Amino acid sequence: MSEAPPSLSDVVVSVADLSVRARERTILDHVSLDFSARSLTAVVGPSGCGKTTFIRTLNRMTELTPGLSVEGSVFYLGQDIYGASVNPVVVRRRMGMVFQRPTVFPMSVFENAAFGLRLVRTEEDEVDRAVTEALQRAGLWEEVKDELDRPALSLSGGQQQRLCIARALAVRPRVLLLDEPTSALDPGATQRVEATLQRLKDDIVLILVTHNVGQAARISDRIAFLHSGRLVEVGATVEILERPREKLTEQFITGRYE
Amino acid sequence: MRTEPVLSESEDRQPFPDLSRTGGRLVRWGPYAPALIPLALTLAVIAALVSASRLQNFGWGFFGFNYANFGVLIFVVGSLLTSVPALLIAMAVGLGIAVASATYLPRLLAAWLDPFVDLLAGIPSIIYGMWGYFVVAPYFGANVFPFTVSRFGWIPGFGRSEFSPSPTGTGLAMAIIILTLMILPITTVLMRDALKAVPRDLWESGLALGATRWEVNRRVAIPYAKRGIWGAAFLGFGRAIGETVAVAMVIDQAEKLPINIYDGTSTMSSLIIETIDAAFITNASGRIYLHFLTELAIVLLAVTLAVNVAGRWLIRRTYTEVAGL
Amino acid sequence: MAVSTSPSVAAVDDLTRDRSGHVRRRTALDRAIGWLLPLLFLVAIIPILDLVYYVSSQALPTFTLHVLTTNPSGATGGLYAPLVGSLAILSLATGVALAFGFLGGLATAEYVSDSAAGWIRVTANVMAGTPAIVIGLFGYIAFVTYFGWGLSLAAASVTLGVFMTPYVFRATDLAYASVPPHIREAALGSGARPLQYLLKVASPIAFPQVLSGVFLAMAIGVGETAPLVLTTTPVEVPPLGLGSPASALPLYIWTGYQSGYILPSAIHLAFEASFLLLVIVVGLNVLVRIIAARSRRRLEGLFQ
């Protein structure tokens, strides 16, 4: 396992010796990885390598699946999110998550974006402001600003996914977790989402699970390659793509398994 | 991620070879005919009722409250007075159970508890009536109703009057209670299905935003399942309106409107089954009474059909497998 | 180029600090609901247990073989006539329901176009929702009066059969329509004639589901009172033929209720009849579950 050491004060999320097991099967095997501010890390690997499980441990979504045991630690700004006095509700507010399919709620565009804000008593003009800002950051504002009350389900697939991003951003998380966010979108929509993610990089930590190496090449700063639950290699995108150090990595990147 | 009903996949089905060239019209249309049986039987039922009542012109009295004048409104109101409260309670309790089963309980526990609700559906109406009449009603008459009279008597309808509550405990309130139990399974199961059909990643999206399970239920899952929930309401209501025997046994049958909730009254269906003997008599008055009852049955059938069609359209799920649903 | 996140920022974002207590409140509410809502199951469980307990406790102490072999006479006697009547009516009614429901369901699943099938299924569902008392009235008008059968075994059976038809119809329809499409196409594609396909391929697969649907319809039919009240009369002897009146367990209970329970023996007999009815209903439901479990095991490979 190789990694370019980040400057320590930069680290937002730090995964330390993380293992996840389901009965006797090991899904993640002693993974350690750090994520710094203002970066986009692509987590790649063949199907079944554990990358989706990995990203779900970062916001404690693994607790929704019975039978999963999590060992090791995940530190957010130095605090273990699995600590005894830590409420998952709080953790999830710090880590936004976007899923594979656009999962807009059956309500208006505005209400979707405002969902997270409405869970806590917030002033109405504060809500307005936050929604506007979130939609702008997600690159959706221009397209919906005159029709904020229209049903979210009437948007196109790509717009819905950007709305999901806006919805996650509205509560100002430090980290955004994305699980193959463009796999259900057509190329045009995909391109727009990728552009949005690239812009967001200057602001927050983005962790992107993707099976699409091209996508990782286009927008990520760093690539982490998982295989069978182990972190095989991690490094700057250019390095991984052109000069991978491990054989497994090279095979995956090039698609040639000799 | 919602599973479509199996029957809507039939575009994949290769149709049977066209028989139009083999044999005469009988062979051609033969295999299709039996499919019309439900329609034929329903039409037969309607036809029988219409012809037997001869759509007797009972005049405007039919739409009035005077039973002696063949007014049916007492019974229509009676049916509503029993079915609407029963539906409201069954929906509230059923929604709670459905939410608990679909989102709170571990799957194994839910799998064990759910069949108990299904069991309620399998008990014959007459046994509900026996149990209601001999166990529940006396208990309520002795313990519950005196309490509600003293504590809640100030609410109109909950106070005592000359003959009610009676110590037997029968009356409108008891009919509502038993009816609620009888329609609880249909409301619960349909709402549980509707909630389970909420896509998993939609549910998780809510949680991932830092919402609690209850918040996701309230703001996302239940609104998403709205259609199915309304369908459950309609179908539950249809079942309640049509329920006859158990209601008749605990409602303290009386052809009048109730003075308070403990008083005896009648529904459309309980009237028919309790007074049908008068219609069996073959003299003139017996015949007229038969016409009256069959016209009442037409009203009952019309309401039931309308509500069931609406409910089925809302849930758009072809069949449910619980007994009797 | 990386700018460090200052320690003060990290301190502010303490995951365990809950400034206004709202996280605690929301979580507490969720947890409370998580305990309270499941308690609602008791609304269903307690009545069932109480009902079964009460019926059993009233019926079992005086339940002897004598009860099953003697005819009722007034407020005493036994349940022989109602029991035989119930079984007779049920068997004939099941026959009627099969004739109507099986053929109808089969035709809908296999022959009818998909759009028409949708409508037909709606009709079947709507028919299933028709109140039993209305079906009973229909039976009285059509069979007792118009066809002139009088209050008889025949009238009661056919009426109950009509009532049970939609359930058999639905079960058959579902059973045949659930035959996996690839099997259907394989059979027809290799040149089998429709009848052969139906007999040799589809029916063995559909049979368990049809059978359990029939048992379910029987469980519903055996407990129905209203259709019987209007088409037969509670005689105290078993029916001699189709034209003679037949009693039945629900009818017996209902008649007893109507004439009031002056003698305790009457109450016991009514509960014994209820108990018998429950046993039959539960027995049929258990059969349904057994069939479901066994056929699931046997047909597992088909639905890949």
# chains A, B, ... in the order shown; residues from 1 in each chain; ligands from 1

call {"tool": "closest_atom_pairs", "arguments": {"of": "segment 61-174 of chain B", "to": "segment 245-256 of chain C", "cutoff": "12 Å", "atoms": "only C-alpha atoms", "output": "CSV"}}
result
residue,atom,partner,partner_atom,distance
B:Pro124,CA,C:Pro250,CA,8.8
B:Ser125,CA,C:Pro250,CA,9.2
B:Ile126,CA,C:Pro250,CA,6.6
B:Ile127,CA,C:Pro250,CA,8.5
B:Tyr128,CA,C:Pro250,CA,11.5
B:Gly129,CA,C:Trp254,CA,9.2
B:Met130,CA,C:Ile253,CA,8.4
B:Trp131,CA,C:Ile253,CA,11.9
B:Tyr133,CA,C:Trp254,CA,12.0

call {"tool": "interface_residues", "arguments": {"of": "chain B", "to": "chain C", "cutoff": "7 Å", "atoms": "only C-alpha atoms", "output": "PyMOL selection string"}}
result
chain B and resi 6-7+10+12-14+16+31-32+34-39+42+45+48-49+52+93+96-97+100+104+116-117+120+124+126-127+131+212-214+239+242-245+269+297+301+304-305+308-309+323-324

call {"tool": "atom_distance", "arguments": {"atom1": "atom CA of Ala166 of chain A", "atom2": "atom CA of Glu142 of chain A"}}
result
13.0 Å

call {"tool": "closest_residue", "arguments": {"among": "B:Met268, B:Val77, B:Ala208, B:Ala278", "to": "Val90 of chain A", "atoms": "only C-alpha atoms"}}
result
B:Ala208

call {"tool": "atom_distance", "arguments": {"atom1": "atom CA of Ser164 of chain B", "atom2": "atom CA of Phe75 of chain B"}}
result
19.6 Å

call {"tool": "residues_around", "arguments": {"residues": "Gly78 of chain A", "least_positions_apart": "4", "cutoff": "9 Å", "atoms": "only C-alpha atoms", "output": "list in words"}}
result
Val11, Val12, Val13, Ser14 and Val74 of chain A; Ala10 of chain C

call {"tool": "write_last_selection", "arguments": {"atoms": "N, CA and C atoms", "output": "mmCIF file, in the first residue's frame"}}
result
data_model
loop_
_atom_site.group_PDB
_atom_site.id
_atom_site.type_symbol
_atom_site.label_atom_id
_atom_site.label_comp_id
_atom_site.auth_asym_id
_atom_site.auth_seq_id
_atom_site.Cartn_x
_atom_site.Cartn_y
_atom_site.Cartn_z
ATOM 1 N N VAL A 11 -6.236 16.971 7.154
ATOM 2 C CA VAL A 11 -7.052 15.773 7.043
ATOM 3 C C VAL A 11 -8.424 15.996 7.644
ATOM 4 N N VAL A 12 -9.439 15.691 6.896
ATOM 5 C CA VAL A 12 -10.807 15.823 7.398
ATOM 6 C C VAL A 12 -11.328 14.468 7.874
ATOM 7 N N VAL A 13 -11.160 13.465 7.010
ATOM 8 C CA VAL A 13 -11.617 12.132 7.377
ATOM 9 C C VAL A 13 -10.412 11.209 7.403
ATOM 10 N N SER A 14 -10.304 10.443 8.441
ATOM 11 C CA SER A 14 -9.189 9.518 8.541
ATOM 12 C C SER A 14 -9.712 8.131 8.880
ATOM 13 N N VAL A 74 -13.148 5.312 12.196
ATOM 14 C CA VAL A 74 -13.250 6.349 11.185
ATOM 15 C C VAL A 74 -13.253 7.674 11.934
ATOM 16 N N ALA C 10 -11.847 22.693 13.945
ATOM 17 C CA ALA C 10 -12.100 21.310 14.339
ATOM 18 C C ALA C 10 -12.847 21.266 15.673
#

call {"tool": "closest_atom_pairs", "arguments": {"of": "chain A", "to": "chain C", "cutoff": "7 Å", "atoms": "only C-alpha atoms", "output": "Markdown table"}}
result
| residue | atom | partner | partner_atom | distance |
| --- | --- | --- | --- | --- |
| A:Ser9 | CA | C:Ser4 | CA | 5.2 |
| A:Asp10 | CA | C:Ser4 | CA | 4.9 |
| A:Leu77 | CA | C:Ala10 | CA | 5.7 |
| A:Ser85 | CA | C:Thr16 | CA | 6.2 |
| A:Val86 | CA | C:Thr16 | CA | 5.4 |
| A:Val90 | CA | C:Leu15 | CA | 6.5 |
| A:Val91 | CA | C:Leu15 | CA | 6.9 |

call {"tool": "write_last_selection", "arguments": {"atoms": "C-alpha atoms", "output": "PDB file, in the first residue's frame"}}
result
ATOM      1  CA  SER A   9      -3.639  19.526   9.577  1.00  0.00           C
ATOM      2  CA  ASP A  10      -5.457  19.059   6.307  1.00  0.00           C
ATOM      3  CA  LEU A  77     -11.727  15.941  12.351  1.00  0.00           C
ATOM      4  CA  SER A  85     -21.574   9.180  22.606  1.00  0.00           C
ATOM      5  CA  VAL A  86     -21.836   9.957  18.924  1.00  0.00           C
ATOM      6  CA  VAL A  90     -25.085  14.070  13.718  1.00  0.00           C
ATOM      7  CA  VAL A  91     -22.519  12.182  11.664  1.00  0.00           C
TER       8      VAL A  91
END

call {"tool": "residues_around", "arguments": {"residues": "Asp201 of chain B", "least_positions_apart": "3", "cutoff": "8 Å", "atoms": "only C-alpha atoms", "output": "PDB file with N, CA and C atoms, in the first residue's frame"}}
result
ATOM      1  N   PHE A  99     -26.749   8.917  -4.037  1.00  0.00           N
ATOM      2  CA  PHE A  99     -26.853   7.508  -4.393  1.00  0.00           C
ATOM      3  C   PHE A  99     -26.784   7.279  -5.894  1.00  0.00           C
ATOM      4  N   ARG A 101     -29.060   5.921  -8.030  1.00  0.00           N
ATOM      5  CA  ARG A 101     -30.195   6.448  -8.764  1.00  0.00           C
ATOM      6  C   ARG A 101     -30.564   7.788  -8.150  1.00  0.00           C
ATOM      7  N   THR A 103     -32.633  10.063  -6.142  1.00  0.00           N
ATOM      8  CA  THR A 103     -33.653   9.697  -5.171  1.00  0.00           C
ATOM      9  C   THR A 103     -34.385  10.932  -4.659  1.00  0.00           C
TER      10      THR A 103
ATOM     11  N   GLU B 204     -33.128   5.370   2.380  1.00  0.00           N
ATOM     12  CA  GLU B 204     -31.778   5.633   2.879  1.00  0.00           C
ATOM     13  C   GLU B 204     -31.352   7.069   2.627  1.00  0.00           C
ATOM     14  N   SER B 205     -31.832   7.642   1.523  1.00  0.00           N
ATOM     15  CA  SER B 205     -31.501   9.043   1.258  1.00  0.00           C
ATOM     16  C   SER B 205     -31.983   9.927   2.380  1.00  0.00           C
TER      17      SER B 205
END

call {"tool": "interface_residues", "arguments": {"of": "chain A", "to": "chain B", "cutoff": "9 Å", "atoms": "only C-alpha atoms", "output": "CSV table (one decimal) with N, CA and C atoms, in the first residue's frame"}}
result
chain,number,residue,atom,x,y,z
A,59,ASN,N,-20.5,7.2,6.8
A,59,ASN,CA,-21.6,7.9,7.5
A,59,ASN,C,-22.5,6.9,8.2
A,60,ARG,N,-21.9,5.8,8.6
A,60,ARG,CA,-22.6,4.9,9.5
A,60,ARG,C,-23.9,4.3,8.9
A,61,MET,N,-23.9,4.3,7.6
A,61,MET,CA,-25.1,3.7,6.9
A,61,MET,C,-25.0,2.2,7.0
A,64,LEU,N,-27.6,0.1,8.9
A,64,LEU,CA,-28.9,-0.3,8.4
A,64,LEU,C,-29.0,-1.7,8.0
A,66,PRO,N,-28.5,-5.4,8.9
A,66,PRO,CA,-28.2,-6.2,10.1
A,66,PRO,C,-27.1,-7.2,9.8
A,88,PRO,N,-25.5,8.8,15.2
A,88,PRO,CA,-25.4,8.8,13.7
A,88,PRO,C,-26.1,9.9,13.0
A,89,VAL,N,-27.1,10.4,13.6
A,89,VAL,CA,-27.8,11.6,13.0
A,89,VAL,C,-26.9,12.7,12.8
A,90,VAL,N,-26.0,13.0,13.8
A,90,VAL,CA,-25.1,14.1,13.7
A,90,VAL,C,-24.0,13.8,12.6
A,91,VAL,N,-23.5,12.6,12.6
A,91,VAL,CA,-22.5,12.2,11.7
A,91,VAL,C,-23.0,12.4,10.2
A,92,ARG,N,-24.3,12.0,10.0
A,92,ARG,CA,-24.8,12.0,8.7
A,92,ARG,C,-25.0,13.5,8.2
A,93,ARG,N,-25.2,14.4,9.1
A,93,ARG,CA,-25.3,15.7,8.7
A,93,ARG,C,-24.0,16.3,8.3
A,94,ARG,N,-22.9,15.7,8.7
A,94,ARG,CA,-21.6,16.2,8.3
A,94,ARG,C,-21.2,15.6,7.0
A,95,MET,N,-21.7,14.4,6.7
A,95,MET,CA,-21.3,13.7,5.5
A,95,MET,C,-22.6,13.6,4.6
A,96,GLY,N,-22.6,14.3,3.5
A,96,GLY,CA,-23.7,14.2,2.6
A,96,GLY,C,-23.5,12.9,1.8
A,97,MET,N,-24.6,12.3,1.3
A,97,MET,CA,-24.5,11.2,0.5
A,97,MET,C,-25.4,11.2,-0.7
A,98,VAL,N,-24.9,10.9,-1.9
A,98,VAL,CA,-25.6,10.8,-3.1
A,98,VAL,C,-25.6,9.4,-3.6
A,99,PHE,N,-26.7,8.9,-4.0
A,99,PHE,CA,-26.9,7.5,-4.4
A,99,PHE,C,-26.8,7.3,-5.9
A,100,GLN,N,-26.8,6.0,-6.3
A,100,GLN,CA,-26.7,5.6,-7.7
A,100,GLN,C,-27.8,6.2,-8.5
A,101,ARG,N,-29.1,5.9,-8.0
A,101,ARG,CA,-30.2,6.4,-8.8
A,101,ARG,C,-30.6,7.8,-8.1
A,102,PRO,N,-31.1,8.7,-8.9
A,102,PRO,CA,-31.6,10.0,-8.3
A,102,PRO,C,-32.7,9.6,-7.4
A,103,THR,N,-32.6,10.1,-6.1
A,103,THR,CA,-33.7,9.7,-5.2
A,103,THR,C,-34.4,10.9,-4.7
A,104,VAL,N,-35.0,11.7,-5.6
A,104,VAL,CA,-35.7,12.9,-5.1
A,104,VAL,C,-37.0,12.5,-4.4
A,105,PHE,N,-37.3,13.2,-3.4
A,105,PHE,CA,-38.5,13.0,-2.6
A,105,PHE,C,-39.8,13.5,-3.4
A,106,PRO,N,-40.9,12.9,-3.1
A,106,PRO,CA,-42.1,13.3,-3.7
A,106,PRO,C,-42.6,14.7,-3.2
A,107,MET,N,-41.9,15.7,-3.5
A,107,MET,CA,-42.3,17.1,-3.2
A,107,MET,C,-41.6,18.0,-4.2
A,115,PHE,N,-35.1,20.0,2.6
A,115,PHE,CA,-35.4,18.9,3.5
A,115,PHE,C,-34.5,18.8,4.8
A,116,GLY,N,-33.2,18.8,4.6
A,116,GLY,CA,-32.3,18.7,5.7
A,116,GLY,C,-32.5,19.9,6.7
A,119,LEU,N,-35.5,19.8,9.2
A,119,LEU,CA,-35.5,18.9,10.3
A,119,LEU,C,-35.2,19.6,11.6
A,164,CYS,N,-30.3,16.1,-5.9
A,164,CYS,CA,-29.9,15.3,-4.8
A,164,CYS,C,-28.6,15.9,-4.2
A,167,ARG,N,-29.5,19.0,-2.4
A,167,ARG,CA,-30.1,18.6,-1.1
A,167,ARG,C,-29.1,18.2,-0.1
A,168,ALA,N,-28.1,17.5,-0.5
A,168,ALA,CA,-27.1,17.1,0.5
A,168,ALA,C,-26.2,18.3,0.9
A,171,VAL,N,-27.2,21.4,3.9
A,171,VAL,CA,-26.9,21.5,5.3
A,171,VAL,C,-25.4,21.7,5.6

call {"tool": "select_by_dssp", "arguments": {"residues": "segment 1-179 of chain C", "states": "helix (DSSP H, G or I)", "output": "VMD selection string"}}
result
chain C and resid 7 to 12 22 to 39 41 to 62 65 to 69 80 to 110 114 to 128 132 to 146 153 to 177

call {"tool": "write_last_selection", "arguments": {"atoms": "C-alpha atoms", "output": "compact mmCIF listing (two decimals), in the first residue's frame"}}
result
# COMPACT_ATOMS: atom_id res chain seq x y z
CA PRO C 7 -7.71 23.62 15.08
CA SER C 8 -10.41 26.04 16.13
CA VAL C 9 -12.57 24.89 13.27
CA ALA C 10 -12.10 21.31 14.34
CA ALA C 11 -13.08 22.10 17.90
CA VAL C 12 -16.27 23.83 16.85
CA HIS C 22 -32.54 19.06 19.30
CA VAL C 23 -30.66 15.99 18.23
CA ARG C 24 -31.35 14.38 21.56
CA ARG C 25 -35.00 15.30 21.31
CA ARG C 26 -35.44 14.01 17.80
CA THR C 27 -33.65 10.80 18.58
CA ALA C 28 -35.63 10.31 21.75
CA LEU C 29 -38.87 10.81 19.87
CA ASP C 30 -37.81 8.28 17.26
CA ARG C 31 -36.87 5.77 19.90
CA ALA C 32 -40.11 6.27 21.79
CA ILE C 33 -42.10 5.73 18.63
CA GLY C 34 -40.05 2.66 17.97
CA TRP C 35 -41.34 1.21 21.22
CA LEU C 36 -44.89 2.48 21.11
CA LEU C 37 -45.87 1.57 17.58
CA PRO C 38 -45.06 -2.13 17.89
CA LEU C 39 -47.30 -2.18 20.95
CA PHE C 41 -49.75 -5.24 17.54
CA LEU C 42 -51.43 -6.02 20.83
CA VAL C 43 -54.63 -4.56 19.45
CA ALA C 44 -54.65 -7.50 17.09
CA ILE C 45 -53.07 -10.14 19.27
CA ILE C 46 -55.10 -9.75 22.45
CA PRO C 47 -58.51 -10.06 20.78
CA ILE C 48 -57.49 -13.16 18.87
CA LEU C 49 -56.13 -14.86 21.94
CA ASP C 50 -59.14 -13.85 23.98
CA LEU C 51 -61.57 -15.02 21.34
CA VAL C 52 -59.94 -18.38 20.85
CA TYR C 53 -59.60 -18.85 24.57
CA TYR C 54 -63.20 -17.97 25.28
CA VAL C 55 -64.68 -20.09 22.53
CA SER C 56 -62.56 -23.03 23.59
CA SER C 57 -63.33 -22.66 27.26
CA GLN C 58 -67.05 -22.52 26.60
CA ALA C 59 -67.04 -25.38 24.14
CA LEU C 60 -64.52 -27.93 25.28
CA PRO C 61 -65.77 -28.87 28.76
CA THR C 62 -69.05 -30.17 27.38
CA LEU C 65 -68.79 -37.48 20.89
CA HIS C 66 -72.47 -37.28 21.63
CA VAL C 67 -72.43 -33.74 20.35
CA LEU C 68 -71.09 -34.79 17.01
CA THR C 69 -73.49 -37.65 16.51
CA TYR C 80 -74.91 -33.63 13.73
CA ALA C 81 -77.36 -32.06 11.32
CA PRO C 82 -75.62 -28.69 11.09
CA LEU C 83 -72.26 -30.36 10.68
CA VAL C 84 -73.43 -32.67 7.91
CA GLY C 85 -75.27 -29.77 6.34
CA SER C 86 -72.19 -27.57 6.41
CA LEU C 87 -70.06 -30.26 4.82
CA ALA C 88 -72.66 -30.97 2.18
CA ILE C 89 -73.20 -27.33 1.31
CA LEU C 90 -69.49 -26.67 1.32
CA SER C 91 -68.65 -29.53 -1.03
CA LEU C 92 -71.34 -28.63 -3.51
CA ALA C 93 -70.51 -24.96 -3.29
CA THR C 94 -66.86 -25.71 -3.91
CA GLY C 95 -67.88 -27.62 -6.99
CA VAL C 96 -69.84 -24.67 -8.27
CA ALA C 97 -67.02 -22.27 -7.43
CA LEU C 98 -64.54 -24.50 -9.23
CA ALA C 99 -66.73 -24.75 -12.29
CA PHE C 100 -67.12 -20.99 -12.53
CA GLY C 101 -63.90 -19.82 -11.01
CA PHE C 102 -61.41 -22.28 -12.40
CA LEU C 103 -62.56 -22.02 -15.99
CA GLY C 104 -62.89 -18.29 -15.72
CA GLY C 105 -59.48 -17.83 -14.14
CA LEU C 106 -57.86 -20.13 -16.65
CA ALA C 107 -59.41 -18.32 -19.57
CA THR C 108 -58.30 -14.98 -18.17
CA ALA C 109 -54.74 -16.08 -17.56
CA GLU C 110 -54.20 -17.80 -20.87
CA ASP C 114 -53.97 -8.28 -21.64
CA SER C 115 -56.10 -5.17 -21.67
CA ALA C 116 -59.31 -7.15 -21.37
CA ALA C 117 -57.74 -9.25 -18.66
CA GLY C 118 -57.14 -6.11 -16.64
CA TRP C 119 -60.81 -5.25 -16.74
CA ILE C 120 -61.90 -8.75 -15.95
CA ARG C 121 -59.66 -8.84 -12.92
CA VAL C 122 -61.13 -5.59 -11.71
CA THR C 123 -64.56 -7.17 -12.03
CA ALA C 124 -63.44 -10.22 -10.11
CA ASN C 125 -62.03 -8.08 -7.34
CA VAL C 126 -65.17 -6.02 -7.22
CA MET C 127 -67.24 -9.16 -7.09
CA ALA C 128 -65.16 -10.40 -4.20
CA ALA C 132 -72.44 -11.70 1.47
CA ILE C 133 -75.94 -10.57 2.34
CA VAL C 134 -76.37 -9.21 -1.17
CA ILE C 135 -75.25 -12.51 -2.65
CA GLY C 136 -77.70 -14.17 -0.31
CA LEU C 137 -80.52 -12.00 -1.55
CA PHE C 138 -79.52 -12.82 -5.08
CA GLY C 139 -79.70 -16.48 -4.20
CA TYR C 140 -83.12 -16.08 -2.72
CA ILE C 141 -84.45 -14.23 -5.72
CA ALA C 142 -82.87 -16.39 -8.36
CA PHE C 143 -82.79 -19.90 -6.91
CA VAL C 144 -85.31 -20.06 -4.12
CA THR C 145 -88.00 -18.08 -5.86
CA TYR C 146 -87.43 -17.78 -9.56
CA LEU C 153 -79.58 -27.58 -0.09
CA ALA C 154 -79.42 -26.78 -3.78
CA ALA C 155 -80.23 -23.11 -3.34
CA ALA C 156 -77.80 -22.72 -0.48
CA SER C 157 -74.99 -24.53 -2.26
CA VAL C 158 -75.23 -22.67 -5.52
CA THR C 159 -75.52 -19.35 -3.72
CA LEU C 160 -72.50 -20.04 -1.59
CA GLY C 161 -70.73 -21.27 -4.70
CA VAL C 162 -71.36 -17.98 -6.41
CA PHE C 163 -69.97 -16.23 -3.35
CA MET C 164 -66.82 -18.33 -3.41
CA THR C 165 -66.28 -18.01 -7.14
CA PRO C 166 -64.17 -14.83 -7.19
CA TYR C 167 -61.65 -16.34 -4.77
CA VAL C 168 -61.16 -19.46 -6.84
CA PHE C 169 -61.07 -17.28 -9.93
CA ARG C 170 -58.28 -15.10 -8.54
CA ALA C 171 -56.24 -18.03 -7.34
CA THR C 172 -56.47 -19.81 -10.69
CA ASP C 173 -55.72 -16.68 -12.64
CA LEU C 174 -52.67 -15.92 -10.53
CA ALA C 175 -51.51 -19.51 -10.60
CA TYR C 176 -51.51 -19.86 -14.36
CA ALA C 177 -50.27 -16.38 -15.04

call {"tool": "residues_around", "arguments": {"residues": "Ala86 of chain B", "least_positions_apart": "6", "cutoff": "9 Å", "atoms": "only C-alpha atoms", "output": "PyMOL selection string"}}
result
chain B and resi 175-181+183-184+237+240

call {"tool": "closest_residue", "arguments": {"among": "A:Phe75, A:Glu180, A:Leu155, A:Leu163", "to": "Phe110 of chain A", "atoms": "only C-alpha atoms"}}
result
A:Leu163

call {"tool": "residues_around", "arguments": {"residues": "segment 24-32 of chain A", "least_positions_apart": "2", "cutoff": "7 Å", "atoms": "only C-alpha atoms", "output": "ChimeraX atom specification"}}
result
/A:15-22,50,229-231

call {"tool": "write_last_selection", "arguments": {"atoms": "N, CA and C atoms", "output": "PDB file, in the first residue's frame"}}
result
ATOM      1  N   VAL A  15      -9.499   7.214   7.965  1.00  0.00           N
ATOM      2  CA  VAL A  15      -9.943   5.836   8.188  1.00  0.00           C
ATOM      3  C   VAL A  15      -8.763   5.042   8.715  1.00  0.00           C
ATOM      4  N   ALA A  16      -8.951   4.415   9.867  1.00  0.00           N
ATOM      5  CA  ALA A  16      -7.820   3.713  10.488  1.00  0.00           C
ATOM      6  C   ALA A  16      -8.154   2.245  10.682  1.00  0.00           C
ATOM      7  N   ASP A  17      -7.496   1.382   9.960  1.00  0.00           N
ATOM      8  CA  ASP A  17      -7.587  -0.058  10.172  1.00  0.00           C
ATOM      9  C   ASP A  17      -9.033  -0.540  10.166  1.00  0.00           C
ATOM     10  N   LEU A  18      -9.755  -0.148   9.162  1.00  0.00           N
ATOM     11  CA  LEU A  18     -11.182  -0.449   9.104  1.00  0.00           C
ATOM     12  C   LEU A  18     -11.419  -1.833   8.516  1.00  0.00           C
ATOM     13  N   SER A  19     -12.162  -2.649   9.244  1.00  0.00           N
ATOM     14  CA  SER A  19     -12.565  -3.947   8.705  1.00  0.00           C
ATOM     15  C   SER A  19     -14.070  -4.097   8.853  1.00  0.00           C
ATOM     16  N   VAL A  20     -14.687  -4.665   7.851  1.00  0.00           N
ATOM     17  CA  VAL A  20     -16.123  -4.927   7.919  1.00  0.00           C
ATOM     18  C   VAL A  20     -16.356  -6.384   7.576  1.00  0.00           C
ATOM     19  N   ARG A  21     -17.120  -7.024   8.424  1.00  0.00           N
ATOM     20  CA  ARG A  21     -17.395  -8.445   8.199  1.00  0.00           C
ATOM     21  C   ARG A  21     -18.889  -8.714   8.224  1.00  0.00           C
ATOM     22  N   ALA A  22     -19.301  -9.668   7.391  1.00  0.00           N
ATOM     23  CA  ALA A  22     -20.681 -10.147   7.444  1.00  0.00           C
ATOM     24  C   ALA A  22     -20.626 -11.641   7.675  1.00  0.00           C
ATOM     25  N   GLY A  50     -15.815  -4.111  -2.394  1.00  0.00           N
ATOM     26  CA  GLY A  50     -16.135  -3.499  -1.114  1.00  0.00           C
ATOM     27  C   GLY A  50     -16.194  -1.989  -1.143  1.00  0.00           C
ATOM     28  N   GLY A 229     -11.631  -6.223  -0.846  1.00  0.00           N
ATOM     29  CA  GLY A 229     -11.675  -5.678   0.499  1.00  0.00           C
ATOM     30  C   GLY A 229     -10.381  -5.060   0.980  1.00  0.00           C
ATOM     31  N   ARG A 230      -9.329  -5.179   0.226  1.00  0.00           N
ATOM     32  CA  ARG A 230      -8.077  -4.566   0.674  1.00  0.00           C
ATOM     33  C   ARG A 230      -7.767  -3.325  -0.149  1.00  0.00           C
ATOM     34  N   LEU A 231      -7.138  -2.371   0.510  1.00  0.00           N
ATOM     35  CA  LEU A 231      -6.686  -1.199  -0.222  1.00  0.00           C
ATOM     36  C   LEU A 231      -5.356  -1.567  -0.859  1.00  0.00           C
TER      37      LEU A 231
END

call {"tool": "atom_distance", "arguments": {"atom1": "atom CA of Asn66 of chain B", "atom2": "atom CA of Glu255 of chain B"}}
result
9.6 Å

call {"tool": "select_by_dssp", "arguments": {"residues": "segment 36-142 of chain A", "states": "strand (DSSP E or B)", "output": "NGL selection string"}}
result
:A and (36 or 40-44 or 68-76 or 79-80 or 95-98 or 108)

call {"tool": "residues_around", "arguments": {"residues": "Leu195 of chain B", "least_positions_apart": "3", "cutoff": "10 Å", "atoms": "only C-alpha atoms", "output": "list in words"}}
result
Leu95, Ala98, Val99, Ser101, Ala102, Thr103, Val189, Leu190, Met191, Arg192, Val198, Pro199, Asn217, Ala221, Ile222, Pro223, Tyr224, Ala225, Lys226, Gly228 and Ile229 of chain B
